[in-house]
Every structure is written in structure tokens, then in C-alpha cells.
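S.K.: My structure is stored as protein21.cif, with mmCIF, C-alpha atoms.
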data_final
loop_
_atom_site.label_atom_id
_atom_site.label_comp_id
_atom_site.auth_asym_id
_atom_site.auth_seq_id
_atom_site.Cartn_x
_atom_site.Cartn_y
_atom_site.Cartn_z
CA MET A 13 224.08 4.23 226.60
CA LYS A 14 223.49 0.81 228.17
CA ARG A 15 221.73 1.43 231.47
CA ALA A 16 223.19 -1.39 233.53
CA SER A 17 226.69 -1.14 232.10
CA LEU A 18 229.59 0.75 233.64
CA GLU A 19 230.81 1.52 230.10
CA LYS A 20 229.62 5.07 229.55
CA ARG A 21 230.03 7.58 226.76
CA PRO A 22 230.82 11.04 228.17
CA GLU A 23 228.69 12.89 225.61
CA GLU A 24 225.66 10.72 226.42
CA MET A 25 226.16 11.13 230.15
CA ALA A 26 226.49 14.90 229.80
CA ALA A 27 223.31 15.08 227.72
CA MET A 28 221.42 13.05 230.31
CA PHE A 29 222.48 15.35 233.14
CA ASP A 30 221.77 18.45 231.04
CA ASP A 31 218.22 17.16 230.72
CA VAL A 32 217.63 16.62 234.46
CA ALA A 33 219.53 19.71 235.65
CA PRO A 34 216.58 22.04 236.46
CA LYS A 35 215.04 19.67 239.05
CA TYR A 36 218.08 17.59 239.91
CA ASP A 37 218.62 18.77 243.50
CA ILE A 38 214.93 18.63 244.41
CA VAL A 39 214.52 15.12 243.02
CA ASN A 40 217.65 13.93 244.83
CA ASP A 41 216.26 15.16 248.15
CA ILE A 42 213.01 13.29 247.51
CA LEU A 43 214.60 10.03 246.36
CA SER A 44 217.14 9.99 249.22
CA MET A 45 214.44 10.83 251.79
CA GLY A 46 216.39 13.91 252.80
CA GLN A 47 219.66 12.07 253.47
CA THR A 48 221.65 13.74 250.69
CA ARG A 49 222.32 16.86 252.73
CA ARG A 50 223.59 14.85 255.71
CA TRP A 51 225.89 12.83 253.46
CA ARG A 52 227.31 16.01 251.96
CA ARG A 53 228.02 17.46 255.42
CA VAL A 54 230.07 14.37 256.23
CA VAL A 55 232.08 14.91 253.03
CA VAL A 56 232.82 18.55 253.91
CA ASP A 57 234.00 17.47 257.37
CA ALA A 58 236.22 14.78 255.82
CA VAL A 59 237.80 17.26 253.39
CA ASP A 60 238.51 19.49 256.40
CA ALA A 61 239.71 22.43 254.29
CA ALA A 62 240.70 25.73 255.88
CA PRO A 63 239.84 29.25 254.70
CA GLY A 64 242.21 30.29 251.93
CA GLN A 65 242.80 26.75 250.70
CA LYS A 66 241.75 25.59 247.25
CA VAL A 67 239.42 22.62 246.78
CA LEU A 68 238.38 20.84 243.58
CA ASP A 69 234.77 19.69 243.72
CA LEU A 70 234.52 17.29 240.80
CA ALA A 71 231.16 16.22 239.34
CA ALA A 72 229.79 19.20 241.23
CA GLY A 73 226.69 19.49 239.07
CA THR A 74 224.71 22.53 240.13
CA GLY A 75 227.22 23.33 242.86
CA THR A 76 225.14 22.24 245.85
CA SER A 77 228.14 20.31 247.16
CA SER A 78 230.43 23.33 246.56
CA GLU A 79 228.42 25.87 248.51
CA PRO A 80 229.63 24.93 252.03
CA TYR A 81 233.24 25.50 250.99
CA ALA A 82 232.52 28.89 249.44
CA ASP A 83 230.48 29.92 252.49
CA ALA A 84 233.48 29.04 254.71
CA GLY A 85 235.92 31.22 252.75
CA ILE A 86 237.50 28.32 250.88
CA HIS A 87 238.29 28.75 247.19
CA VAL A 88 236.26 25.98 245.60
CA VAL A 89 236.23 25.11 241.91
CA ALA A 90 233.05 23.33 240.85
CA CYS A 91 233.89 21.15 237.85
CA ASP A 92 231.42 19.09 235.82
CA PHE A 93 230.99 17.84 232.25
CA SER A 94 227.31 18.88 232.10
CA ILE A 95 226.99 22.43 230.81
CA GLY A 96 223.32 22.38 231.77
CA MET A 97 224.17 21.63 235.38
CA LEU A 98 226.85 24.31 235.48
CA LYS A 99 224.47 26.94 234.09
CA VAL A 100 221.89 26.18 236.78
CA GLY A 101 224.57 26.43 239.45
CA LYS A 102 226.08 29.65 238.13
CA ARG A 103 222.69 31.37 238.13
CA ARG A 104 222.22 30.46 241.76
CA ARG A 105 225.81 31.05 242.98
CA PRO A 106 227.66 33.48 240.70
CA ASP A 107 230.40 33.78 243.33
CA ILE A 108 231.57 30.18 242.76
CA ASP A 109 233.97 29.23 239.97
CA PHE A 110 232.16 26.76 237.68
CA VAL A 111 234.42 25.03 235.15
CA ALA A 112 233.43 22.57 232.41
CA GLY A 113 235.75 19.60 232.41
CA ASP A 114 236.18 15.89 231.82
CA ALA A 115 237.09 13.91 234.95
CA MET A 116 239.48 11.79 232.86
CA ASN A 117 241.33 14.82 231.50
CA LEU A 118 241.04 17.63 234.00
CA PRO A 119 241.76 21.16 232.73
CA PHE A 120 244.01 22.03 235.67
CA ALA A 121 247.75 22.16 236.31
CA ASP A 122 249.61 19.63 238.42
CA ASN A 123 249.61 20.08 242.20
CA CYS A 124 247.23 23.05 242.29
CA PHE A 125 244.57 21.95 244.80
CA ASP A 126 244.90 21.38 248.53
CA ALA A 127 242.16 18.75 248.31
CA SER A 128 239.98 17.07 245.69
CA THR A 129 236.56 15.58 246.21
CA ILE A 130 233.84 13.90 244.17
CA SER A 131 230.37 13.03 245.46
CA PHE A 132 228.07 10.58 243.69
CA GLY A 133 229.79 11.10 240.37
CA LEU A 134 232.66 8.63 240.11
CA ARG A 135 230.40 5.78 238.99
CA ASN A 136 229.27 7.93 236.03
CA VAL A 137 232.82 8.23 234.65
CA MET A 138 233.83 5.94 231.79
CA ASP A 139 237.16 5.09 233.46
CA PRO A 140 236.93 5.73 237.23
CA LYS A 141 240.54 4.74 237.87
CA LYS A 142 241.72 7.31 235.34
CA ALA A 143 239.64 9.95 237.12
CA LEU A 144 241.25 8.99 240.43
CA ARG A 145 244.70 9.36 238.83
CA GLU A 146 243.74 12.76 237.44
CA MET A 147 242.58 13.88 240.87
CA LEU A 148 245.93 12.69 242.23
CA ARG A 149 247.76 14.71 239.58
CA VAL A 150 246.04 18.00 240.36
CA THR A 151 246.25 17.60 244.16
CA LYS A 152 249.27 18.89 246.06
CA PRO A 153 251.59 16.38 247.76
CA GLY A 154 250.21 15.74 251.22
CA GLY A 155 246.75 16.79 250.06
CA LYS A 156 243.74 14.57 250.31
CA VAL A 157 240.96 13.11 248.24
CA VAL A 158 237.45 12.40 249.51
CA VAL A 159 235.10 10.22 247.48
CA ALA A 160 231.44 9.82 248.44
CA GLU A 161 229.62 7.19 246.44
CA PHE A 162 226.67 4.86 246.74
CA SER A 163 227.91 1.49 247.94
CA HIS A 164 226.79 -1.86 249.36
CA PRO A 165 224.76 -2.09 252.59
CA THR A 166 226.70 -4.13 255.12
CA VAL A 167 223.78 -6.17 256.51
CA ALA A 168 222.40 -8.75 254.09
CA PRO A 169 218.65 -8.37 254.86
CA PHE A 170 218.90 -4.59 254.56
CA ARG A 171 220.86 -4.98 251.31
CA THR A 172 217.94 -6.94 249.86
CA VAL A 173 215.40 -4.31 250.93
CA TYR A 174 217.60 -1.54 249.52
CA THR A 175 217.99 -3.29 246.17
CA GLU A 176 214.23 -3.75 245.97
CA TYR A 177 213.76 -0.02 246.62
CA LEU A 178 216.23 0.90 243.89
CA MET A 179 214.74 -1.28 241.22
CA ARG A 180 211.03 -1.28 242.14
CA ALA A 181 210.18 1.86 244.11
CA LEU A 182 212.60 4.42 242.69
CA PRO A 183 211.45 4.33 239.01
CA PRO A 184 207.74 5.03 239.83
CA ILE A 185 208.77 7.87 242.16
CA ALA A 186 211.04 9.29 239.47
CA ARG A 187 208.23 9.14 236.91
CA THR A 188 206.15 11.31 239.25
CA VAL A 189 208.70 13.98 240.14
CA ALA A 190 211.47 13.94 237.49
CA SER A 191 211.61 15.51 234.03
CA ASN A 192 213.49 12.49 232.65
CA PRO A 193 212.57 9.38 234.68
CA ASP A 194 214.65 7.11 232.43
CA ALA A 195 217.74 8.89 233.72
CA TYR A 196 216.89 7.81 237.25
CA VAL A 197 216.30 4.24 236.14
CA TYR A 198 219.85 4.30 234.76
CA LEU A 199 221.13 5.82 238.01
CA ALA A 200 219.47 3.06 240.04
CA GLU A 201 221.04 0.40 237.83
CA SER A 202 224.45 2.06 238.01
CA ILE A 203 224.26 2.03 241.81
CA ARG A 204 223.43 -1.68 241.83
CA ALA A 205 226.34 -2.44 239.47
CA TRP A 206 228.93 -0.37 241.37
CA PRO A 207 231.78 -2.15 243.25
CA ASN A 208 231.75 -2.45 247.01
CA GLN A 209 233.69 -0.46 249.59
CA ASP A 210 236.83 -2.59 249.61
CA SER A 211 237.01 -2.63 245.82
CA LEU A 212 236.93 1.16 245.67
CA SER A 213 239.63 1.27 248.36
CA ALA A 214 241.77 -0.94 246.12
CA TRP A 215 241.15 1.36 243.15
CA LEU A 216 242.35 4.35 245.17
CA SER A 217 245.53 2.52 246.19
CA GLU A 218 246.17 1.36 242.62
CA SER A 219 245.78 4.96 241.44
CA GLY A 220 248.58 6.14 243.73
CA TRP A 221 246.70 7.35 246.80
CA ARG A 222 247.89 6.26 250.23
CA ASP A 223 246.41 5.76 253.72
CA VAL A 224 243.02 4.83 252.28
CA THR A 225 240.15 4.61 254.77
CA TYR A 226 236.39 4.67 254.44
CA ARG A 227 233.31 5.34 256.55
CA ASN A 228 229.92 3.78 255.92
CA LEU A 229 226.85 6.01 256.09
CA SER A 230 223.22 4.91 256.39
CA GLY A 231 224.21 1.28 256.85
CA GLY A 232 226.52 1.25 253.84
CA ILE A 233 224.11 2.81 251.35
CA VAL A 234 226.88 5.40 250.99
CA ALA A 235 230.59 5.08 251.70
CA VAL A 236 232.94 8.03 252.12
CA HIS A 237 236.51 7.13 251.18
CA ARG A 238 239.44 9.30 252.17
CA ALA A 239 243.10 9.09 251.13
CA THR A 240 246.29 11.17 250.92
CA LYS A 241 248.69 12.01 248.10
CA PRO A 242 252.21 10.84 249.04
CA LEU A 243 254.93 13.37 249.68
CA PRO A 244 257.97 13.33 247.35
CA THR A 245 260.58 10.78 248.40
CA ASN A 246 263.62 12.83 247.41
#
Would you write out, as C-alpha cells, the structure that this file holds?
M.R.:
Amino acid sequence: MKRASLEKRPEEMAAMFDDVAPKYDIVNDILSMGQTRRWRRVVVDAVDAAPGQKVLDLAAGTGTSSEPYADAGIHVVACDFSIGMLKVGKRRRPDIDFVAGDAMNLPFADNCFDASTISFGLRNVMDPKKALREMLRVTKPGGKVVVAEFSHPTVAPFRTVYTEYLMRALPPIARTVASNPDAYVYLAESIRAWPNQDSLSAWLSESGWRDVTYRNLSGGIVAVHRATKPLPTN
């Protein structure tokens, strides 16, 4: 797998995440300086699901992002291509449905979820637009998608500082706390190579989603995009 490339092989990506699964959530908290949990709360608020509804949490990993839905009485399906991640999550939360699946070929019927969401996983998909179309397919008409992803800081001086942190500070920290520091070097490079907020908005529109909006978090380090699946015209 080429670190700085957005061309990714699913089997290699899955193996990488299998390797980091045991400490993944702890390391994320350290590297994000505790911001990950705040970002995930914003995503849950944007999804705005009600008890009894069904939500797809794609690239759910160990299920940390799925837990708030389950705790609120929402039927959440945590889907990921890393079996290692899913096993860690299932041990911790046996009450959540963990399903192995490829974001580009989801193992679900059409129109079966009230909402679909993916947090910090879209950039790890070989064909992100195909994943967005698959999420559209499995979401009910009128349902929504929420995508949280690392993005581009909106203020130029801060963008420079952030890039320096990603490429200079993050790898040494990862070598100290992570089981596979090379994985976090790749993740840093994938963040730097990822398109900006408006480009992702365009991808969502091209994939068939409508009423696309986004909200910047932490100065644009993260952007939360939200869109709606159109209702049938006939």
C-alpha cells in the first residue's frame, strides 16, 4: 500500500486496522488531544435519529461511534471491513450488531436504514464516491447521510501548523504509544492528501445526495457533511 496515495487495496487496509485494533481508541484520544469524543458527539447530533429508527454506522471500527445510538434506543448496525476491529467492539458491546462489510459493496438491502453515517473512514476507501452511492442505496428516501472526515483548516497560518503536526509530531508520538506506528504515518499522509470541504460536498452531490451542507470543527481540522436522499418523483 502506498502511504501517500488515495489508491488503497481493501485487504491491505483491513490488515492494517486489524493490527492496530487493540489500542486504536486509546491512541486516537491521545493523537487528537481528546477532541475525538467531541467530534463524535457532533456527528450523533447531526444524524438526529430517534429511538426505534435504524442507523448504519459505516467504518465503525470497534463501535465507539455506535455506542451513543445504542444507548439511546436506536437500532445501530456497526459495519467495518476489519474483522479485528469488529471483534474488539463485540467483546466490549455484545448488544450492538457488528457486521463485516465492504463500503463499496454493502451487504444490506435497498432503503433499509433511516440514516447512514461514516466517521473518519471515507478516506480509507478505495473508491469514496462508490461508497457514497452505496450509502445512498441502503438509506430510505428522505433519510440522511452524515460524513465526518479530516479536512483542511480554513486559516492559512493554522493550516501550516497543522500540517507540521501531522507530518513531524504525529509519527514520533505514534511510535511511543501505538502497536503499529507505520499505520499512523499512513493515516497522517492520507489526511494531508484528502480533498477539501467543497470537494467532498461535490462528491456527495455527484453521488445523488441533495441539500448538502457542512460544518467545520476545530478550525476545519474536521468537517461534518450532511445531506438527504431525494424522495421519489413519481
S.K.: From the set A:Ala112, A:Ala143, A:Ile203, A:Leu212, which residue has the shortest atom-to-atom contact distance to Ile233 of chain A, counting only C-alpha atoms?
M.R.: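 Ranked by minimum distance to Ile233 of chain A, first place goes to A:Ile203.
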S.K.: One decimal, in Å: what's the spacing between atom CA of Asp223 of chain A and atom CA of Val159 of chain A?
M.R.: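 Straight-line distance from atom CA of Asp223 of chain A to atom CA of Val159 of chain A works out to 13.7 Å.
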S.K.: Tell me which protein, DNA and RNA residues are within 6 Å of Val89 of chain A, counting only C-alpha atoms, leaving out same-chain ones fewer than 3 positions away, and put them as a compact mmCIF listing (two decimals) with C-alpha atoms, in the coordinates of the input.
M.R.:
# COMPACT_ATOMS: atom_id res chain seq x y z
CA LEU A 68 238.38 20.84 243.58
CA ASP A 69 234.77 19.69 243.72
CA ASP A 109 233.97 29.23 239.97
S.K.: Written as an MDAnalysis selection string, which residues does the PyMOL selection byres ((chain A and resi 221) around 6) give for the file shown?
M.R.: chainID A and resid 216:217 219:220 222 239:241
S.K.: Using only C-alpha atoms for the distances, tell me which of A:Arg105, A:His164, A:Lys152, A:Lys141 is nearest to Asn123 of chain A.
M.R.: A:Lys152
S.K.: Step by step, work through what the PyMOL selection byres ((chain A and resi 234) around 7) selects in the shown file, and finish by giving those residues as a PDB file with C-alpha atoms, keeping the file's coordinate frame.
M.R.:
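selection_5.pdb, written as the output of this step:
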ATOM      1  CA  ALA A 160     231.440   9.820 248.440  1.00  0.00           C
ATOM      2  CA  GLU A 161     229.620   7.190 246.440  1.00  0.00           C
ATOM      3  CA  PHE A 162     226.670   4.860 246.740  1.00  0.00           C
ATOM      4  CA  SER A 163     227.910   1.490 247.940  1.00  0.00           C
ATOM      5  CA  ASN A 228     229.920   3.780 255.920  1.00  0.00           C
ATOM      6  CA  LEU A 229     226.850   6.010 256.090  1.00  0.00           C
ATOM      7  CA  SER A 230     223.220   4.910 256.390  1.00  0.00           C
ATOM      8  CA  GLY A 232     226.520   1.250 253.840  1.00  0.00           C
ATOM      9  CA  ILE A 233     224.110   2.810 251.350  1.00  0.00           C
ATOM     10  CA  ALA A 235     230.590   5.080 251.700  1.00  0.00           C
ATOM     11  CA  VAL A 236     232.940   8.030 252.120  1.00  0.00           C
TER      12      VAL A 236
END
S.K.: Any idea what the distance is between atom CA of Met147 of chain A and atom CA of Cys91 of chain A?
M.R.: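 One can read the atom CA of Met147 of chain A to atom CA of Cys91 of chain A distance as 11.7 Å.
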S.K.: For atom CA of Ala58 of chain A and atom CA of Arg238 of chain A, determine how far apart the two atoms are, in Å to one decimal place.
M.R.: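 Spanning atom CA of Ala58 of chain A to atom CA of Arg238 of chain A is a straight-line distance of 7.3 Å.
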S.K.: With the PyMOL selection byres ((chain A and resi 73-87) around 9) as the selection, what would be picked from this file? Answer as a ChimeraX atom specification, please.
M.R.: /A:29,33-34,36-37,49,52-53,55-56,61-72,88-102,104-105,107-110,131
S.K.: Would you kindly identify which residues have an atom no farther than 9 Å from (241.1, 13.7, 242.8), using all atoms listed in the file and the file's own coordinates, and write them out as a list of chain:residue names?
M.R.: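 Taken together, the residues in range are A:Leu68, A:Asp69, A:Leu70, A:Ala115, A:Ala127, A:Ser128, A:Thr129, A:Ile130, A:Ala143, A:Leu144, A:Arg145, A:Glu146, A:Met147, A:Leu148, A:Arg149, A:Val150, A:Thr151, A:Lys156, A:Val157, A:Val158, A:Val159.
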